[in-house]
Amino acid sequence: MPITIIVLGVILLLVLMIVFKVNGFIALVFVSAVVGIAEGMTPLNVMASIQKGIGSTLGGLAMILGFGAMLGRLVSDTGAAQRVATTLIAAFGKERLQWALVVTGLIVGLAMFYEVGFVLLLPLVFTIVAAAGLPLLYVGVPMVAALSVTHCFLPPHPGPTAIATIFGANLGTTLLYGMIITIPTVIIAGPVFSKFLKSFEKSPPEGLYNPKIFTEEEMPGFGISIFAAVIPVVLMAIAAVFELTTPKENALRQFFEFIGNPAVALFIAVVIAVLTLGLRNGRKMEEVMDMCGESIAAIAMIIFIIAGGGAFKQVLVDSGVGNYIADMMKGSSLSPLLMCWTVAAMLRVALGSATVAAITTAGIVTPIIAATHADPALMVLAVGSGSVIASHVNDPGFWLFKGYFNLSVVETLKTWTVMETLISILGLAGVLALNAVIH
């Protein structure tokens, strides 16, 4: 019966979001309450469980998401992202433009949310297409693939970071494993896949809003631009290496564990970005702080949806469903990694939102980690892989891609949907291969 209640709860979530277009946070909190009461909890206990779930989830995430949003906005609004893109494109040359855009997408994608990176970099793609006379999808898809891969595999993005928090996975280890999977995935889903899209000859849509294109004088230097964007990832990766290779009492390891803590690493990056990128060309501190403030407003709903996922997870734990699932899994031969991927993939197809699919999956499968001793970092990546499969008409990203690349719905299904499915399947293959090597 407990499993039946969860299934009915997920169906209710799908109906609320797909049929009635209810906001993700409202739907998750409501379904959490319904499932909790159906599982035998009292209304007061359900309320306490929801509050605990929201608090424990955001307690570890609020600073990470906040500082991450600020860094992304500073990199974007000061011209640093444009500097990174134009410099790499000039260095790689016309013959290797695709690889320049892959690297640009990975670097810019690490510092900002997918939609922000997409809207920011597409005008540059349009400029390159016009100047080099190359097909739009041939140039654009490698960059979009890179942005999408960083979005689902790599902390400090909200999806992977939230799942890692729920699973109790080390963020540095998750980042390290994620980078190993990212490289082959982005090469196949980007430059290789785009070679099959030559029949989709499209021009950039007319009259599409373009964000500001910075002049040479307005942009900061390449070195400081790239440094500000990637410093948190570098610090987290160094901390992960020290954790894997040195004893716990080692003073150097303790130092890097502190500055490599995601919240601390992002705070350091924000301070560097404010001082080196923000306060340039006569900008006042007040103007720079306005950028930071506006960035938080932009991610408020993402934060609340993640919190709703935390509430759902906590209700499942406090109602005893977690123990029930754990007992079931003890005798199961199905790989927990494959199970995570499958649940996330099903929810993604039904819900559209990769973040909601991932967070809901995390709540459902958390007990499996303790029951099977699965690697939490690999579980994060399995859920992330499943959460991007088969994007279609219920995903805002589908329409974003369709509009900017001037495609019909059928053409978008043949390009964007296939690319996202490739990323998902390659991600799963990478997770299973890593699991075989590590364990």
# chains A, B, ... in the order shown; residues from 1 in each chain; ligands from 1
$ select_by_dssp --residues "region 116-159 of chain A" --states "alpha helix (DSSP H)" --output "ChimeraX atom specification"
/A:116-132,136-153,158-159
$ residues_around --residues "Glu411 (chain A)" --least-positions-apart "5" --cutoff "12 Å" --atoms "only C-alpha atoms" --output "list in words"
Leu137, Leu197, Ser199, Phe200, Glu201, Lys202, His392, Phe398, Trp399, Phe401, Lys402, Gly403, Phe405, Asn406, Trp416, Thr417 and Val418 of chain A
$ residues_around --residues "Thr86 (chain A)" --least-positions-apart "2" --cutoff "10 Å" --atoms "only C-alpha atoms" --output "number ranges by chain"
A: 81-84, 88-91, 100-101, 104, 124, 128, 222
$ write_last_selection --atoms "N, CA, C and O atoms" --output "PDB file, in the first residue's frame"
ATOM      1  N   ALA A  81      31.483  37.166 -19.904  1.00  0.00           N
ATOM      2  CA  ALA A  81      31.104  35.981 -20.689  1.00  0.00           C
ATOM      3  C   ALA A  81      31.340  36.225 -22.177  1.00  0.00           C
ATOM      4  O   ALA A  81      31.819  35.341 -22.897  1.00  0.00           O
ATOM      5  N   GLN A  82      31.016  37.424 -22.637  1.00  0.00           N
ATOM      6  CA  GLN A  82      31.248  37.750 -24.044  1.00  0.00           C
ATOM      7  C   GLN A  82      32.741  37.742 -24.360  1.00  0.00           C
ATOM      8  O   GLN A  82      33.160  37.275 -25.428  1.00  0.00           O
ATOM      9  N   ARG A  83      33.559  38.236 -23.433  1.00  0.00           N
ATOM     10  CA  ARG A  83      35.021  38.236 -23.628  1.00  0.00           C
ATOM     11  C   ARG A  83      35.542  36.804 -23.754  1.00  0.00           C
ATOM     12  O   ARG A  83      36.352  36.502 -24.652  1.00  0.00           O
ATOM     13  N   VAL A  84      35.094  35.913 -22.876  1.00  0.00           N
ATOM     14  CA  VAL A  84      35.522  34.508 -22.938  1.00  0.00           C
ATOM     15  C   VAL A  84      35.148  33.906 -24.291  1.00  0.00           C
ATOM     16  O   VAL A  84      35.974  33.270 -24.955  1.00  0.00           O
ATOM     17  N   LEU A  88      37.965  32.856 -27.255  1.00  0.00           N
ATOM     18  CA  LEU A  88      38.102  31.441 -27.616  1.00  0.00           C
ATOM     19  C   LEU A  88      37.813  31.207 -29.097  1.00  0.00           C
ATOM     20  O   LEU A  88      38.505  30.440 -29.764  1.00  0.00           O
ATOM     21  N   ILE A  89      36.809  31.898 -29.601  1.00  0.00           N
ATOM     22  CA  ILE A  89      36.453  31.755 -31.019  1.00  0.00           C
ATOM     23  C   ILE A  89      37.593  32.246 -31.912  1.00  0.00           C
ATOM     24  O   ILE A  89      37.948  31.618 -32.909  1.00  0.00           O
ATOM     25  N   ALA A  90      38.197  33.376 -31.521  1.00  0.00           N
ATOM     26  CA  ALA A  90      39.329  33.907 -32.287  1.00  0.00           C
ATOM     27  C   ALA A  90      40.528  32.961 -32.222  1.00  0.00           C
ATOM     28  O   ALA A  90      41.241  32.757 -33.211  1.00  0.00           O
ATOM     29  N   ALA A  91      40.748  32.340 -31.060  1.00  0.00           N
ATOM     30  CA  ALA A  91      41.904  31.457 -30.879  1.00  0.00           C
ATOM     31  C   ALA A  91      41.745  30.144 -31.653  1.00  0.00           C
ATOM     32  O   ALA A  91      42.714  29.626 -32.216  1.00  0.00           O
ATOM     33  N   ALA A 100      35.421  25.672 -30.153  1.00  0.00           N
ATOM     34  CA  ALA A 100      35.462  26.938 -29.406  1.00  0.00           C
ATOM     35  C   ALA A 100      34.148  27.147 -28.669  1.00  0.00           C
ATOM     36  O   ALA A 100      34.120  27.589 -27.509  1.00  0.00           O
ATOM     37  N   LEU A 101      33.032  26.829 -29.343  1.00  0.00           N
ATOM     38  CA  LEU A 101      31.728  27.027 -28.726  1.00  0.00           C
ATOM     39  C   LEU A 101      31.448  25.986 -27.645  1.00  0.00           C
ATOM     40  O   LEU A 101      30.754  26.277 -26.669  1.00  0.00           O
ATOM     41  N   THR A 104      33.375  27.327 -24.729  1.00  0.00           N
ATOM     42  CA  THR A 104      32.650  28.511 -24.243  1.00  0.00           C
ATOM     43  C   THR A 104      31.427  28.090 -23.443  1.00  0.00           C
ATOM     44  O   THR A 104      31.174  28.615 -22.340  1.00  0.00           O
ATOM     45  N   LEU A 124      25.889  35.774 -29.940  1.00  0.00           N
ATOM     46  CA  LEU A 124      27.247  35.533 -30.431  1.00  0.00           C
ATOM     47  C   LEU A 124      27.238  34.462 -31.517  1.00  0.00           C
ATOM     48  O   LEU A 124      27.966  34.547 -32.501  1.00  0.00           O
ATOM     49  N   ILE A 128      28.516  34.842 -35.403  1.00  0.00           N
ATOM     50  CA  ILE A 128      29.473  33.916 -36.034  1.00  0.00           C
ATOM     51  C   ILE A 128      28.894  33.346 -37.323  1.00  0.00           C
ATOM     52  O   ILE A 128      29.583  33.241 -38.342  1.00  0.00           O
ATOM     53  N   PHE A 222      40.546  38.819 -20.769  1.00  0.00           N
ATOM     54  CA  PHE A 222      40.204  37.400 -20.863  1.00  0.00           C
ATOM     55  C   PHE A 222      40.604  36.642 -19.603  1.00  0.00           C
ATOM     56  O   PHE A 222      39.828  35.839 -19.063  1.00  0.00           O
TER      57      PHE A 222
END
$ atom_distance --atom1 "CA of Ile3 (chain A)" --atom2 "CA of Leu381 (chain A)"
24.3 Å
$ closest_residue --among "A:Phe242, A:Ala145, A:Ala350, A:Leu171" --to "Leu13 (chain A)" --atoms "only C-alpha atoms"
A:Ala350
$ closest_residue --among "A:Thr372, A:Thr342, A:Gln51, A:Gln98" --to "Gly140 (chain A)" --atoms "only C-alpha atoms"
A:Gln98
$ residues_around --residues "Ile181 (chain A)" --least-positions-apart "3" --cutoff "8 Å" --atoms "only C-alpha atoms" --output "list in words"
Tyr177, Gly178, Pro184, Thr185, Gly427, Gly430 and Val431 of chain A
$ write_last_selection --atoms "all heavy atoms" --output "mmCIF file, in the first residue's frame"
data_model
loop_
_atom_site.group_PDB
_atom_site.id
_atom_site.type_symbol
_atom_site.label_atom_id
_atom_site.label_comp_id
_atom_site.auth_asym_id
_atom_site.auth_seq_id
_atom_site.Cartn_x
_atom_site.Cartn_y
_atom_site.Cartn_z
ATOM 1 N N TYR A 177 33.435 13.287 -10.725
ATOM 2 C CA TYR A 177 32.819 12.240 -11.547
ATOM 3 C C TYR A 177 32.048 12.863 -12.713
ATOM 4 O O TYR A 177 32.068 12.354 -13.835
ATOM 5 C CB TYR A 177 31.853 11.395 -10.704
ATOM 6 C CG TYR A 177 32.490 10.509 -9.661
ATOM 7 C CD1 TYR A 177 31.710 9.857 -8.708
ATOM 8 C CD2 TYR A 177 33.867 10.309 -9.617
ATOM 9 C CE1 TYR A 177 32.271 9.030 -7.736
ATOM 10 C CE2 TYR A 177 34.445 9.487 -8.649
ATOM 11 C CZ TYR A 177 33.633 8.857 -7.701
ATOM 12 O OH TYR A 177 34.198 8.051 -6.753
ATOM 13 N N GLY A 178 31.347 13.958 -12.417
ATOM 14 C CA GLY A 178 30.562 14.638 -13.443
ATOM 15 C C GLY A 178 31.417 15.135 -14.595
ATOM 16 O O GLY A 178 31.028 15.034 -15.768
ATOM 17 N N PRO A 184 33.165 13.151 -22.774
ATOM 18 C CA PRO A 184 32.706 12.368 -23.942
ATOM 19 C C PRO A 184 31.261 12.677 -24.327
ATOM 20 O O PRO A 184 30.915 12.671 -25.518
ATOM 21 C CB PRO A 184 32.850 10.916 -23.480
ATOM 22 C CG PRO A 184 32.924 10.967 -21.992
ATOM 23 C CD PRO A 184 33.522 12.279 -21.643
ATOM 24 N N THR A 185 30.421 12.960 -23.322
ATOM 25 C CA THR A 185 29.002 13.240 -23.610
ATOM 26 C C THR A 185 28.848 14.483 -24.466
ATOM 27 O O THR A 185 28.120 14.493 -25.465
ATOM 28 C CB THR A 185 28.214 13.402 -22.294
ATOM 29 O OG1 THR A 185 28.311 12.203 -21.525
ATOM 30 C CG2 THR A 185 26.744 13.693 -22.564
ATOM 31 N N GLY A 427 24.997 9.824 -20.558
ATOM 32 C CA GLY A 427 25.218 10.040 -19.122
ATOM 33 C C GLY A 427 25.037 8.757 -18.337
ATOM 34 O O GLY A 427 25.856 8.417 -17.467
ATOM 35 N N GLY A 430 27.930 6.469 -18.981
ATOM 36 C CA GLY A 430 29.092 6.938 -18.231
ATOM 37 C C GLY A 430 29.016 6.584 -16.757
ATOM 38 O O GLY A 430 30.016 6.160 -16.145
ATOM 39 N N VAL A 431 27.831 6.736 -16.170
ATOM 40 C CA VAL A 431 27.634 6.406 -14.752
ATOM 41 C C VAL A 431 27.875 4.915 -14.511
ATOM 42 O O VAL A 431 28.583 4.529 -13.566
ATOM 43 C CB VAL A 431 26.196 6.799 -14.299
ATOM 44 C CG1 VAL A 431 25.853 6.163 -12.952
ATOM 45 C CG2 VAL A 431 26.064 8.307 -14.205
#
$ closest_atom_pairs --of "region 42-79 of chain A" --to "region 247-271 of chain A" --cutoff "9 Å" --atoms "only C-alpha atoms" --output "CSV"
residue,atom,partner,partner_atom,distance
A:Gly60,CA,A:Ala263,CA,8.7
A:Leu61,CA,A:Ala263,CA,8.2
A:Ala62,CA,A:Ala263,CA,8.8
A:Met63,CA,A:Ala263,CA,5.7
A:Ile64,CA,A:Ala263,CA,4.8
A:Leu65,CA,A:Ala263,CA,8.5
A:Phe67,CA,A:Leu266,CA,5.7
A:Gly68,CA,A:Leu266,CA,6.2
A:Met70,CA,A:Val270,CA,6.8
A:Leu71,CA,A:Val270,CA,5.3
A:Leu74,CA,A:Val270,CA,8.0
$ write_last_selection --atoms "N, CA and C atoms" --output "tab-separated table (two decimals), in the first residue's frame"
chain	number	residue	atom	x	y	z
A	60	GLY	N	21.32	23.82	3.47
A	60	GLY	CA	22.59	23.55	2.79
A	60	GLY	C	22.71	24.18	1.42
A	61	LEU	N	21.59	24.70	0.91
A	61	LEU	CA	21.58	25.15	-0.49
A	61	LEU	C	21.46	26.66	-0.68
A	62	ALA	N	20.86	27.34	0.28
A	62	ALA	CA	20.51	28.76	0.07
A	62	ALA	C	21.72	29.60	-0.35
A	63	MET	N	22.83	29.44	0.38
A	63	MET	CA	24.03	30.22	0.05
A	63	MET	C	24.61	29.83	-1.30
A	64	ILE	N	24.61	28.51	-1.59
A	64	ILE	CA	25.17	28.04	-2.85
A	64	ILE	C	24.39	28.61	-4.03
A	65	LEU	N	23.06	28.50	-3.97
A	65	LEU	CA	22.24	28.99	-5.08
A	65	LEU	C	22.30	30.51	-5.18
A	67	PHE	N	24.78	32.69	-4.09
A	67	PHE	CA	26.08	33.15	-4.60
A	67	PHE	C	26.29	32.73	-6.05
A	68	GLY	N	25.78	31.53	-6.41
A	68	GLY	CA	25.90	31.08	-7.80
A	68	GLY	C	25.16	32.00	-8.76
A	70	MET	N	24.44	35.18	-8.22
A	70	MET	CA	25.16	36.47	-8.26
A	70	MET	C	26.37	36.40	-9.19
A	71	LEU	N	27.13	35.30	-9.10
A	71	LEU	CA	28.31	35.15	-9.95
A	71	LEU	C	27.91	35.13	-11.42
A	74	LEU	N	27.01	38.64	-12.58
A	74	LEU	CA	28.19	39.50	-12.71
A	74	LEU	C	28.99	39.15	-13.96
$ closest_residue --among "A:Trp99, A:Phe20, A:Phe153, A:Phe30" --to "Val139 (chain A)" --atoms "only C-alpha atoms"
A:Trp99
$ closest_residue --among "A:Thr4, A:Ser408, A:Ser387, A:Thr78" --to "Thr276 (chain A)" --atoms "only C-alpha atoms"
A:Thr78
$ residues_around --residues "Gly9 (chain A)" --least-positions-apart "4" --cutoff "12 Å" --atoms "only C-alpha atoms" --output "JSON, numbers by chain"
{"A": [2, 3, 4, 5, 13, 14, 15, 16, 27, 28, 29, 30, 31, 32, 33, 34, 35, 36, 37, 38, 39, 312, 315, 316, 360, 364]}
$ atom_distance --atom1 "CA of Ser335 (chain A)" --atom2 "CA of Ile183 (chain A)"
24.3 Å
$ closest_residue --among "A:Gly310, A:Gly352, A:Gly293, A:Gly53" --to "Ile163 (chain A)" --atoms "only C-alpha atoms"
A:Gly310
$ closest_residue --among "A:Val321, A:Leu334, A:Ile54, A:Ala358" --to "Gly159 (chain A)" --atoms "only C-alpha atoms"
A:Ala358
$ residues_around --residues "Ser49 (chain A)" --least-positions-apart "6" --cutoff "8 Å" --atoms "only C-alpha atoms" --output "JSON, numbers by chain"
{"A": [311, 314, 315, 318]}
$ write_last_selection --atoms "C-alpha atoms" --output "CSV table (one decimal), in the first residue's frame"
chain,number,residue,atom,x,y,z
A,311,ALA,CA,9.4,18.7,1.7
A,314,GLN,CA,11.0,14.4,4.3
A,315,VAL,CA,7.3,13.3,4.3
A,318,ASP,CA,8.9,10.5,8.3
$ atom_distance --atom1 "CA of Val393 (chain A)" --atom2 "CA of Val22 (chain A)"
16.9 Å
